[in-house]
>>> print(open('coords.pdb').read())   # PDB, C-alpha atoms and all ligand atoms
ATOM      1  CA  MET A   1      56.805  50.340  92.628
ATOM      2  CA  SER A   2      55.941  52.948  90.020
ATOM      3  CA  VAL A   3      56.737  52.541  86.327
ATOM      4  CA  PRO A   4      58.222  55.258  84.115
ATOM      5  CA  ALA A   5      55.906  57.290  81.903
ATOM      6  CA  ALA A   6      55.325  55.980  78.371
ATOM      7  CA  GLY A   7      58.279  56.742  76.106
ATOM      8  CA  THR A   8      60.798  57.051  78.970
ATOM      9  CA  GLY A   9      63.129  54.667  80.789
ATOM     10  CA  VAL A  10      62.359  51.009  80.168
ATOM     11  CA  ARG A  11      59.281  52.099  78.217
ATOM     12  CA  SER A  12      61.250  54.103  75.646
ATOM     13  CA  ALA A  13      60.923  53.232  71.978
ATOM     14  CA  THR A  14      64.222  51.378  71.679
ATOM     15  CA  ARG A  15      63.534  48.976  74.551
ATOM     16  CA  ALA A  16      61.898  45.573  74.187
ATOM     17  CA  ARG A  17      58.155  45.770  74.799
ATOM     18  CA  ILE A  18      57.563  43.669  77.869
ATOM     19  CA  ALA A  19      54.433  44.528  79.779
ATOM     20  CA  ALA A  20      55.388  42.740  82.981
ATOM     21  CA  ARG A  21      57.696  44.519  85.413
ATOM     22  CA  THR A  22      59.792  41.361  85.426
ATOM     23  CA  LEU A  23      59.590  37.810  84.140
ATOM     24  CA  ARG A  24      61.588  36.551  87.091
ATOM     25  CA  THR A  25      59.744  34.065  89.273
ATOM     26  CA  ASP A  26      62.311  33.752  92.076
ATOM     27  CA  ARG A  27      62.404  35.903  95.195
ATOM     28  CA  TRP A  28      64.487  38.654  93.558
ATOM     29  CA  TRP A  29      63.143  41.196  96.056
ATOM     30  CA  GLN A  30      64.681  39.428  99.046
ATOM     31  CA  PRO A  31      68.335  40.648  98.770
ATOM     32  CA  PRO A  32      67.404  44.341  98.305
ATOM     33  CA  LEU A  33      64.944  44.094 101.193
ATOM     34  CA  LEU A  34      67.512  42.524 103.532
ATOM     35  CA  THR A  35      70.089  45.124 102.502
ATOM     36  CA  THR A  36      67.665  47.954 103.285
ATOM     37  CA  LEU A  37      66.875  46.450 106.681
ATOM     38  CA  GLY A  38      70.563  45.923 107.528
ATOM     39  CA  LEU A  39      71.601  49.440 106.543
ATOM     40  CA  THR A  40      68.623  50.965 108.392
ATOM     41  CA  VAL A  41      69.482  49.146 111.611
ATOM     42  CA  PHE A  42      73.048  50.416 111.468
ATOM     43  CA  VAL A  43      72.165  54.005 110.563
ATOM     44  CA  VAL A  44      69.539  54.252 113.339
ATOM     45  CA  TYR A  45      71.830  52.682 115.955
ATOM     46  CA  ALA A  46      74.891  54.747 114.964
ATOM     47  CA  THR A  47      72.922  58.002 114.855
ATOM     48  CA  ILE A  48      71.406  57.499 118.305
ATOM     49  CA  ARG A  49      74.673  56.411 119.874
ATOM     50  CA  SER A  50      76.671  59.221 118.284
ATOM     51  CA  PHE A  51      74.458  61.869 119.862
ATOM     52  CA  VAL A  52      73.607  60.496 123.321
ATOM     53  CA  ARG A  53      76.998  61.336 124.878
ATOM     54  CA  THR A  54      76.699  58.715 127.605
ATOM     55  CA  ALA A  55      78.513  55.457 128.350
ATOM     56  CA  TYR A  56      81.211  55.848 125.706
ATOM     57  CA  TRP A  57      84.273  55.657 127.969
ATOM     58  CA  VAL A  58      85.297  53.173 130.681
ATOM     59  CA  GLU A  59      87.615  55.084 132.988
ATOM     60  CA  GLU A  60      88.857  51.968 134.804
ATOM     61  CA  TYR A  61      90.088  50.146 131.703
ATOM     62  CA  HIS A  62      90.444  53.014 129.221
ATOM     63  CA  TYR A  63      87.925  51.569 126.764
ATOM     64  CA  LEU A  64      86.741  54.165 124.253
ATOM     65  CA  THR A  65      84.005  53.325 121.766
ATOM     66  CA  PRO A  66      84.990  53.899 118.112
ATOM     67  CA  PHE A  67      81.818  56.025 117.698
ATOM     68  CA  TYR A  68      83.458  58.721 119.875
ATOM     69  CA  SER A  69      86.987  58.600 118.540
ATOM     70  CA  PRO A  70      88.922  60.823 118.318
ATOM     71  CA  CYS A  71      87.377  62.763 121.198
ATOM     72  CA  VAL A  72      89.075  66.163 121.053
ATOM     73  CA  SER A  73      86.638  68.651 122.579
ATOM     74  CA  ALA A  74      86.112  69.953 126.104
ATOM     75  CA  SER A  75      82.769  68.108 126.078
ATOM     76  CA  CYS A  76      84.623  64.755 126.178
ATOM     77  CA  VAL A  77      85.528  63.269 129.551
ATOM     78  CA  PRO A  78      89.218  64.089 130.161
ATOM     79  CA  GLY A  79      90.462  60.481 129.973
ATOM     80  CA  ALA A  80      88.906  59.958 126.536
ATOM     81  CA  ARG A  81      90.849  62.837 125.003
ATOM     82  CA  HIS A  82      93.714  60.704 123.710
ATOM     83  CA  PHE A  83      94.887  63.454 121.388
ATOM     84  CA  GLY A  84      94.324  66.450 123.664
ATOM     85  CA  THR A  85      91.646  69.145 123.667
ATOM     86  CA  TRP A  86      91.434  70.954 120.350
ATOM     87  CA  VAL A  87      88.123  72.791 120.762
ATOM     88  CA  GLY A  88      85.850  73.940 123.598
ATOM     89  CA  GLU A  89      82.411  72.669 124.585
ATOM     90  CA  LEU A  90      80.300  71.448 121.674
ATOM     91  CA  PRO A  91      76.524  71.991 121.382
ATOM     92  CA  MET A  92      74.444  68.803 121.695
ATOM     93  CA  TRP A  93      73.702  68.654 117.973
ATOM     94  CA  ILE A  94      77.383  68.162 117.125
ATOM     95  CA  PRO A  95      78.594  64.591 117.761
ATOM     96  CA  LEU A  96      81.748  64.301 119.863
ATOM     97  CA  ALA A  97      83.469  62.416 117.023
ATOM     98  CA  PHE A  98      82.775  65.331 114.672
ATOM     99  CA  LEU A  99      86.289  65.049 113.224
ATOM    100  CA  SER A 100      86.023  61.471 112.009
ATOM    101  CA  LEU A 101      82.305  60.903 111.355
ATOM    102  CA  PRO A 102      82.038  62.922 108.105
ATOM    103  CA  PHE A 103      84.989  61.028 106.643
ATOM    104  CA  LEU A 104      83.764  57.639 107.837
ATOM    105  CA  LEU A 105      80.349  58.371 106.415
ATOM    106  CA  GLY A 106      81.899  59.564 103.145
ATOM    107  CA  PHE A 107      84.107  56.475 102.964
ATOM    108  CA  ARG A 108      81.197  54.067 103.404
ATOM    109  CA  LEU A 109      78.739  56.016 101.247
ATOM    110  CA  THR A 110      81.126  56.176  98.293
ATOM    111  CA  CYS A 111      82.430  52.599  98.738
ATOM    112  CA  TYR A 112      82.007  50.586  95.539
ATOM    113  CA  TYR A 113      80.236  47.788  97.388
ATOM    114  CA  TYR A 114      77.834  50.047  99.297
ATOM    115  CA  ARG A 115      76.977  51.853  96.069
ATOM    116  CA  LYS A 116      75.832  48.573  94.591
ATOM    117  CA  ALA A 117      73.884  47.844  97.775
ATOM    118  CA  TYR A 118      71.971  51.092  98.068
ATOM    119  CA  TYR A 119      71.578  51.747  94.340
ATOM    120  CA  ARG A 120      69.691  48.465  94.195
ATOM    121  CA  SER A 121      67.907  48.372  97.514
ATOM    122  CA  ILE A 122      67.027  52.021  98.135
ATOM    123  CA  TRP A 123      67.082  53.754  94.741
ATOM    124  CA  LEU A 124      65.871  50.671  92.874
ATOM    125  CA  ALA A 125      68.131  51.525  89.947
ATOM    126  CA  PRO A 126      67.462  48.728  89.118
ATOM    127  CA  PRO A 127      66.362  46.635  92.133
ATOM    128  CA  ALA A 128      67.707  43.404  90.569
ATOM    129  CA  CYS A 129      68.894  41.962  87.272
ATOM    130  CA  ALA A 130      66.095  41.785  84.708
ATOM    131  CA  VAL A 131      63.699  43.805  86.880
ATOM    132  CA  ALA A 132      62.524  47.079  85.362
ATOM    133  CA  GLU A 133      63.582  50.192  87.213
ATOM    134  CA  PRO A 134      61.105  53.012  87.894
ATOM    135  CA  HIS A 135      63.346  55.851  86.730
ATOM    136  CA  ALA A 136      62.767  57.762  83.513
ATOM    137  CA  ARG A 137      66.417  58.688  82.981
ATOM    138  CA  TYR A 138      69.848  57.390  83.829
ATOM    139  CA  THR A 139      72.767  59.775  84.191
ATOM    140  CA  GLY A 140      75.002  57.510  86.238
ATOM    141  CA  GLU A 141      77.798  59.108  88.202
ATOM    142  CA  THR A 142      78.458  61.853  85.687
ATOM    143  CA  ARG A 143      76.438  64.597  87.460
ATOM    144  CA  LEU A 144      75.881  65.925  90.945
ATOM    145  CA  PRO A 145      75.172  64.521  93.450
ATOM    146  CA  LEU A 146      76.485  61.113  92.294
ATOM    147  CA  LEU A 147      79.543  62.742  90.760
ATOM    148  CA  ILE A 148      80.826  62.919  94.353
ATOM    149  CA  GLN A 149      81.285  59.143  94.230
ATOM    150  CA  ASN A 150      84.517  59.826  92.350
ATOM    151  CA  SER A 151      86.033  61.251  95.534
ATOM    152  CA  HIS A 152      86.213  57.781  97.090
ATOM    153  CA  ARG A 153      90.001  57.547  96.845
ATOM    154  CA  TYR A 154      90.366  60.656  99.052
ATOM    155  CA  PHE A 155      88.041  59.205 101.666
ATOM    156  CA  PHE A 156      90.242  56.108 101.534
ATOM    157  CA  TYR A 157      93.256  58.138 102.689
ATOM    158  CA  ALA A 158      91.181  59.612 105.533
ATOM    159  CA  ALA A 159      90.008  56.113 106.478
ATOM    160  CA  LEU A 160      93.644  55.011 106.814
ATOM    161  CA  VAL A 161      94.215  57.771 109.372
ATOM    162  CA  ILE A 162      91.018  56.874 111.257
ATOM    163  CA  SER A 163      91.981  53.181 111.345
ATOM    164  CA  ALA A 164      95.351  54.234 112.818
ATOM    165  CA  ILE A 165      93.511  56.279 115.477
ATOM    166  CA  ASN A 166      91.266  53.292 116.321
ATOM    167  CA  THR A 167      94.391  51.144 116.600
ATOM    168  CA  TYR A 168      95.959  53.624 119.021
ATOM    169  CA  ASP A 169      92.741  53.587 121.115
ATOM    170  CA  ALA A 170      92.807  49.782 121.179
ATOM    171  CA  ILE A 171      96.445  49.757 122.357
ATOM    172  CA  LEU A 172      95.761  52.302 125.123
ATOM    173  CA  ALA A 173      92.917  50.077 126.304
ATOM    174  CA  PHE A 174      95.359  47.462 127.636
ATOM    175  CA  HIS A 175      95.020  49.107 130.992
ATOM    176  CA  GLY A 176      94.406  47.529 134.382
ATOM    177  CA  ALA A 177      92.017  48.822 137.042
ATOM    178  CA  GLY A 178      94.916  49.744 139.334
ATOM    179  CA  GLY A 179      97.057  51.202 136.542
ATOM    180  CA  GLY A 180      99.670  49.359 134.458
ATOM    181  CA  PHE A 181      98.893  46.537 132.048
ATOM    182  CA  GLY A 182      95.441  44.970 131.988
ATOM    183  CA  PHE A 183      93.522  42.717 129.645
ATOM    184  CA  GLY A 184      89.871  41.769 129.467
ATOM    185  CA  LEU A 185      87.093  40.739 127.112
ATOM    186  CA  GLY A 186      86.744  44.394 126.078
ATOM    187  CA  ASN A 187      90.286  44.270 124.693
ATOM    188  CA  VAL A 188      89.482  41.188 122.638
ATOM    189  CA  ILE A 189      86.436  42.940 121.160
ATOM    190  CA  LEU A 190      88.346  46.172 120.476
ATOM    191  CA  VAL A 191      91.244  44.344 118.807
ATOM    192  CA  VAL A 192      89.015  42.124 116.650
ATOM    193  CA  ASN A 193      87.102  45.218 115.567
ATOM    194  CA  VAL A 194      90.238  47.129 114.656
ATOM    195  CA  VAL A 195      91.763  44.203 112.741
ATOM    196  CA  LEU A 196      88.567  43.847 110.716
ATOM    197  CA  LEU A 197      88.424  47.606 110.128
ATOM    198  CA  TRP A 198      91.940  47.414 108.688
ATOM    199  CA  ALA A 199      90.933  44.456 106.543
ATOM    200  CA  TYR A 200      87.912  46.363 105.215
ATOM    201  CA  THR A 201      89.987  49.512 104.586
ATOM    202  CA  VAL A 202      92.883  47.715 102.912
ATOM    203  CA  SER A 203      90.552  45.608 100.771
ATOM    204  CA  CYS A 204      89.175  48.827  99.245
ATOM    205  CA  HIS A 205      89.217  49.032  95.452
ATOM    206  CA  SER A 206      91.088  52.339  95.691
ATOM    207  CA  CYS A 207      93.791  50.651  97.774
ATOM    208  CA  ARG A 208      94.129  48.048  95.045
ATOM    209  CA  HIS A 209      94.690  50.817  92.541
ATOM    210  CA  VAL A 210      97.107  52.687  94.832
ATOM    211  CA  THR A 211      99.243  49.587  95.326
ATOM    212  CA  GLY A 212      99.232  48.123  91.831
ATOM    213  CA  GLY A 213      97.636  50.611  89.471
ATOM    214  CA  ARG A 214      99.318  52.493  86.625
ATOM    215  CA  LEU A 215     102.170  49.972  86.378
ATOM    216  CA  LYS A 216     103.211  48.670  82.975
ATOM    217  CA  HIS A 217     105.378  45.836  84.240
ATOM    218  CA  PHE A 218     104.753  44.043  87.507
ATOM    219  CA  SER A 219     108.101  42.271  87.031
ATOM    220  CA  LYS A 220     109.896  45.584  87.590
ATOM    221  CA  HIS A 221     108.014  46.253  90.830
ATOM    222  CA  PRO A 222     108.102  42.978  92.777
ATOM    223  CA  LEU A 223     107.253  44.565  96.121
ATOM    224  CA  ARG A 224     104.232  46.436  94.795
ATOM    225  CA  TYR A 225     103.185  43.279  93.001
ATOM    226  CA  ARG A 226     103.231  41.326  96.283
ATOM    227  CA  VAL A 227     101.277  44.009  98.105
ATOM    228  CA  TRP A 228      98.777  44.278  95.225
ATOM    229  CA  THR A 229      98.343  40.478  95.225
ATOM    230  CA  PHE A 230      97.604  40.535  98.954
ATOM    231  CA  VAL A 231      95.151  43.449  98.604
ATOM    232  CA  SER A 232      93.490  41.747  95.622
ATOM    233  CA  ARG A 233      92.899  38.594  97.664
ATOM    234  CA  LEU A 234      91.328  40.624 100.456
ATOM    235  CA  ASN A 235      89.353  42.581  97.885
ATOM    236  CA  THR A 236      87.410  39.452  96.907
ATOM    237  CA  ARG A 237      85.986  39.549 100.461
ATOM    238  CA  HIS A 238      85.165  43.248 100.423
ATOM    239  CA  MET A 239      81.401  42.792 100.624
ATOM    240  CA  GLN A 240      81.672  40.406 103.578
ATOM    241  CA  LEU A 241      84.082  42.782 105.309
ATOM    242  CA  ALA A 242      81.746  45.713 104.691
ATOM    243  CA  TRP A 243      78.924  43.922 106.526
ATOM    244  CA  THR A 244      81.097  42.318 109.198
ATOM    245  CA  THR A 245      82.585  45.668 110.206
ATOM    246  CA  LEU A 246      79.143  47.244 110.527
ATOM    247  CA  GLY A 247      78.387  44.395 112.951
ATOM    248  CA  THR A 248      81.666  44.606 114.890
ATOM    249  CA  LEU A 249      81.354  48.391 115.215
ATOM    250  CA  MET A 250      77.922  47.996 116.791
ATOM    251  CA  ILE A 251      79.027  45.090 119.018
ATOM    252  CA  THR A 252      82.108  47.020 120.214
ATOM    253  CA  ASP A 253      80.079  50.110 120.986
ATOM    254  CA  PHE A 254      77.305  48.109 122.643
ATOM    255  CA  TYR A 255      79.721  46.182 124.860
ATOM    256  CA  ILE A 256      81.510  49.356 125.964
ATOM    257  CA  MET A 257      78.151  51.001 126.616
ATOM    258  CA  LEU A 258      77.114  48.095 128.866
ATOM    259  CA  VAL A 259      80.392  48.179 130.816
ATOM    260  CA  ALA A 260      80.549  51.986 131.025
ATOM    261  CA  SER A 261      76.966  52.221 132.296
ATOM    262  CA  GLY A 262      77.617  49.556 134.962
ATOM    263  CA  THR A 263      75.057  47.171 133.422
ATOM    264  CA  ILE A 264      77.692  44.410 133.234
ATOM    265  CA  SER A 265      81.276  44.022 134.448
ATOM    266  CA  ASP A 266      84.111  43.477 132.021
ATOM    267  CA  LEU A 267      85.392  39.900 132.063
ATOM    268  CA  ARG A 268      89.021  40.403 133.175
ATOM    269  CA  PHE A 269      91.892  38.053 132.379
ATOM    270  CA  VAL A 270      94.720  40.245 133.729
ATOM    271  CA  GLY A 271      94.596  43.421 135.843
TER     272      GLY A 271
HETATM  273 FE1  LIG A 301      84.661  49.809  99.510
HETATM  274 FE2  LIG A 301      86.735  51.427  98.952
HETATM  275  S1  LIG A 301      85.589  50.177  97.627
HETATM  276  S2  LIG A 301      85.855  50.955 100.855
END
>>> encode(input="coords.pdb", output="structure tokens")
Amino acid sequence: MSVPAAGTGVRSATRARIAARTLRTDRWWQPPLLTTLGLTVFVVYATIRSFVRTAYWVEEYHYLTPFYSPCVSASCVPGARHFGTWVGELPMWIPLAFLSLPFLLGFRLTCYYYRKAYYRSIWLAPPACAVAEPHARYTGETRLPLLIQNSHRYFFYAALVISAINTYDAILAFHGAGGGFGFGLGNVILVVNVVLLWAYTVSCHSCRHVTGGRLKHFSKHPLRYRVWTFVSRLNTRHMQLAWTTLGTLMITDFYIMLVASGTISDLRFVG
């Protein structure tokens, strides 16, 4: 890791003169390293799966992977178009979930937890407490591009809509092979994923502000106070939910890919 030039960053005149990069003797580098690895695995997997355009829909049981939802172009298989066909064929470089992916990406990238994660692990600003950072200047989130982080609350509203769409997909998936009601392991995975996605979305710091912010007296708003209390409790688990939902998204997609490609059969309980 590089160090800033003399007179800048942690080597500026007003900072304590400590020659060592850090005096910490523990494995401070482990958390940022694990975070980098975890985020890389997800980004690589999600990017590949979003572009391959295969094994994303199980016609028999109406399972649609969240990576392709909503599927609203003529390039989607007809059954997967739960909301109709809005546009014609898409070139291969545009993912079929082009409507939701930019907002999902924006929601996660600007999330307060993920900021902490990638500021530390990827930008090393700083990599850990009491470890010198390599940057000469710090402008925080007051300038482009990091100024965009302030748009998180708008991505939160979009994420609510996308969670509703995923919920609708999960409900439609209660479909039997011969038509009518059906229920299999795929449904369990889809429902668990959608419940956790709601938990992650609702535990958002912006949601906490939307439900309980700008109030002078909680006593005059008992309903908002109850909702805010619930969101605040969930909010303490936001980091865990952020990671868990990355895992459940990949598991859901992977399971549907295996069933859709005929690699395994869905374990059916009904229909
Ligand atoms: Fe993480 Fe809003 S703070 S999703």
>>> atom_distance(input="coords.pdb", atom1="CA of Thr22 (chain A)", atom2="CA of Ala128 (chain A)")
9.7 Å
>>> closest_atom_pairs(input="coords.pdb", of="chain A", to="ligand LIG 301 (chain A)", cutoff="6 Å", atoms="all atoms listed in the file", output="Markdown table")
| residue | atom | partner | partner_atom | distance |
| --- | --- | --- | --- | --- |
| A:Cys111 | CA | A:LIG301 | FE1 | 3.7 |
| A:Tyr112 | CA | A:LIG301 | S1 | 4.2 |
| A:Tyr113 | CA | A:LIG301 | FE1 | 5.3 |
| A:Thr201 | CA | A:LIG301 | S2 | 5.8 |
| A:Cys204 | CA | A:LIG301 | FE2 | 3.6 |
| A:His205 | CA | A:LIG301 | S1 | 4.4 |
| A:Ser206 | CA | A:LIG301 | FE2 | 5.5 |
>>> write_last_selection(input="coords.pdb", atoms="C-alpha atoms", output="PDB file, keeping the file's coordinate frame")
ATOM      1  CA  CYS A 111      82.430  52.599  98.738  1.00  0.00           C
ATOM      2  CA  TYR A 112      82.007  50.586  95.539  1.00  0.00           C
ATOM      3  CA  TYR A 113      80.236  47.788  97.388  1.00  0.00           C
ATOM      4  CA  THR A 201      89.987  49.512 104.586  1.00  0.00           C
ATOM      5  CA  CYS A 204      89.175  48.827  99.245  1.00  0.00           C
ATOM      6  CA  HIS A 205      89.217  49.032  95.452  1.00  0.00           C
ATOM      7  CA  SER A 206      91.088  52.339  95.691  1.00  0.00           C
TER       8      SER A 206
END
>>> atom_distance(input="coords.pdb", atom1="CA of Asp253 (chain A)", atom2="CA of Val41 (chain A)")
14.2 Å
>>> residues_near_point(input="coords.pdb", point="(66.4, 51.0, 94.2)", cutoff="12 Å", atoms="only C-alpha atoms", output="number ranges by chain")
A: 1-2, 29, 31-33, 35-36, 115-129, 131-135
>>> atom_distance(input="coords.pdb", atom1="CA of Gly262 (chain A)", atom2="CA of Val44 (chain A)")
23.6 Å
>>> closest_residue(input="coords.pdb", among="A:Ile148, A:Leu249, A:Ala55, A:Leu64", to="Phe42 (chain A)", atoms="all atoms listed in the file")
A:Leu249
>>> residues_around(input="coords.pdb", residues="His175 (chain A)", least_positions_apart="3", cutoff="8 Å", atoms="all atoms listed in the file", output="PyMOL selection string")
chain A and resi 60-62+172+179-183+271
>>> resolve_selection(input="coords.pdb", expression="the PyMOL selection byres (((chain A and resi 207-215) around 8) and not hetatm)", output="ChimeraX atom specification")
/A:153,156,201-206,216-218,224-225,227-228,231-232,235
>>> write_last_selection(input="coords.pdb", atoms="C-alpha atoms", output="mmCIF file, in the coordinates of the input")
data_model
loop_
_atom_site.group_PDB
_atom_site.id
_atom_site.type_symbol
_atom_site.label_atom_id
_atom_site.label_comp_id
_atom_site.auth_asym_id
_atom_site.auth_seq_id
_atom_site.Cartn_x
_atom_site.Cartn_y
_atom_site.Cartn_z
ATOM 1 C CA ARG A 153 90.001 57.547 96.845
ATOM 2 C CA PHE A 156 90.242 56.108 101.534
ATOM 3 C CA THR A 201 89.987 49.512 104.586
ATOM 4 C CA VAL A 202 92.883 47.715 102.912
ATOM 5 C CA SER A 203 90.552 45.608 100.771
ATOM 6 C CA CYS A 204 89.175 48.827 99.245
ATOM 7 C CA HIS A 205 89.217 49.032 95.452
ATOM 8 C CA SER A 206 91.088 52.339 95.691
ATOM 9 C CA LYS A 216 103.211 48.670 82.975
ATOM 10 C CA HIS A 217 105.378 45.836 84.240
ATOM 11 C CA PHE A 218 104.753 44.043 87.507
ATOM 12 C CA ARG A 224 104.232 46.436 94.795
ATOM 13 C CA TYR A 225 103.185 43.279 93.001
ATOM 14 C CA VAL A 227 101.277 44.009 98.105
ATOM 15 C CA TRP A 228 98.777 44.278 95.225
ATOM 16 C CA VAL A 231 95.151 43.449 98.604
ATOM 17 C CA SER A 232 93.490 41.747 95.622
ATOM 18 C CA ASN A 235 89.353 42.581 97.885
#
>>> residues_around(input="coords.pdb", residues="region 96-99 of chain A", least_positions_apart="2", cutoff="6 Å", atoms="all atoms listed in the file", output="PyMOL selection string")
chain A and resi 68-71+101
>>> closest_residue(input="coords.pdb", among="A:Pro222, A:Glu59, A:Ala199, A:Leu90", to="Ser73 (chain A)", atoms="all atoms listed in the file")
A:Leu90
>>> closest_residue(input="coords.pdb", among="A:Thr85, A:Ala19, A:Leu196, A:Gly184", to="Tyr255 (chain A)", atoms="all atoms listed in the file")
A:Gly184
>>> residues_around(input="coords.pdb", residues="Gly9 (chain A)", least_positions_apart="5", cutoff="7 Å", atoms="all atoms listed in the file", output="compact mmCIF listing (two decimals) with C-alpha atoms, keeping the file's coordinate frame")
# COMPACT_ATOMS: atom_id res chain seq x y z
CA PRO A 4 58.22 55.26 84.12
CA HIS A 135 63.35 55.85 86.73
CA ALA A 136 62.77 57.76 83.51
CA ARG A 137 66.42 58.69 82.98
>>> residues_around(input="coords.pdb", residues="Ala242 (chain A)", least_positions_apart="3", cutoff="8 Å", atoms="all atoms listed in the file", output="list in words")
Tyr113, Tyr114, Tyr200, His238, Met239, Thr245 and Leu246 of chain A
>>> build_atoms(input="coords.pdb", residues="region 258-271 of chain A", atoms="N, CA and C atoms", output="PDB file, in the frame of the given file")
ATOM      1  N   LEU A 258      77.574  48.900 127.736  1.00  0.00           N
ATOM      2  CA  LEU A 258      77.114  48.095 128.866  1.00  0.00           C
ATOM      3  C   LEU A 258      78.084  48.180 130.042  1.00  0.00           C
ATOM      4  N   VAL A 259      79.391  48.125 129.740  1.00  0.00           N
ATOM      5  CA  VAL A 259      80.392  48.179 130.816  1.00  0.00           C
ATOM      6  C   VAL A 259      80.431  49.592 131.409  1.00  0.00           C
ATOM      7  N   ALA A 260      80.445  50.601 130.545  1.00  0.00           N
ATOM      8  CA  ALA A 260      80.549  51.986 131.025  1.00  0.00           C
ATOM      9  C   ALA A 260      79.345  52.383 131.871  1.00  0.00           C
ATOM     10  N   SER A 261      78.181  51.846 131.549  1.00  0.00           N
ATOM     11  CA  SER A 261      76.966  52.221 132.296  1.00  0.00           C
ATOM     12  C   SER A 261      76.807  51.375 133.554  1.00  0.00           C
ATOM     13  N   GLY A 262      77.708  50.393 133.769  1.00  0.00           N
ATOM     14  CA  GLY A 262      77.617  49.556 134.962  1.00  0.00           C
ATOM     15  C   GLY A 262      76.600  48.432 134.827  1.00  0.00           C
ATOM     16  N   THR A 263      76.052  48.238 133.631  1.00  0.00           N
ATOM     17  CA  THR A 263      75.057  47.171 133.422  1.00  0.00           C
ATOM     18  C   THR A 263      75.714  45.799 133.574  1.00  0.00           C
ATOM     19  N   ILE A 264      76.923  45.651 133.063  1.00  0.00           N
ATOM     20  CA  ILE A 264      77.692  44.410 133.234  1.00  0.00           C
ATOM     21  C   ILE A 264      79.120  44.791 133.641  1.00  0.00           C
ATOM     22  N   SER A 265      79.864  43.789 134.144  1.00  0.00           N
ATOM     23  CA  SER A 265      81.276  44.022 134.448  1.00  0.00           C
ATOM     24  C   SER A 265      82.100  43.418 133.324  1.00  0.00           C
ATOM     25  N   ASP A 266      83.231  44.028 133.048  1.00  0.00           N
ATOM     26  CA  ASP A 266      84.111  43.477 132.021  1.00  0.00           C
ATOM     27  C   ASP A 266      84.708  42.170 132.542  1.00  0.00           C
ATOM     28  N   LEU A 267      84.755  41.174 131.683  1.00  0.00           N
ATOM     29  CA  LEU A 267      85.392  39.900 132.063  1.00  0.00           C
ATOM     30  C   LEU A 267      86.903  40.110 131.991  1.00  0.00           C
ATOM     31  N   ARG A 268      87.586  40.087 133.151  1.00  0.00           N
ATOM     32  CA  ARG A 268      89.021  40.403 133.175  1.00  0.00           C
ATOM     33  C   ARG A 268      89.866  39.135 133.166  1.00  0.00           C
ATOM     34  N   PHE A 269      90.934  39.160 132.394  1.00  0.00           N
ATOM     35  CA  PHE A 269      91.892  38.053 132.379  1.00  0.00           C
ATOM     36  C   PHE A 269      93.148  38.446 133.159  1.00  0.00           C
ATOM     37  N   VAL A 270      93.545  39.708 133.008  1.00  0.00           N
ATOM     38  CA  VAL A 270      94.720  40.245 133.729  1.00  0.00           C
ATOM     39  C   VAL A 270      94.381  41.676 134.154  1.00  0.00           C
ATOM     40  N   GLY A 271      94.685  42.026 135.382  1.00  0.00           N
ATOM     41  CA  GLY A 271      94.596  43.421 135.843  1.00  0.00           C
ATOM     42  C   GLY A 271      93.210  43.994 136.043  1.00  0.00           C
TER      43      GLY A 271
END
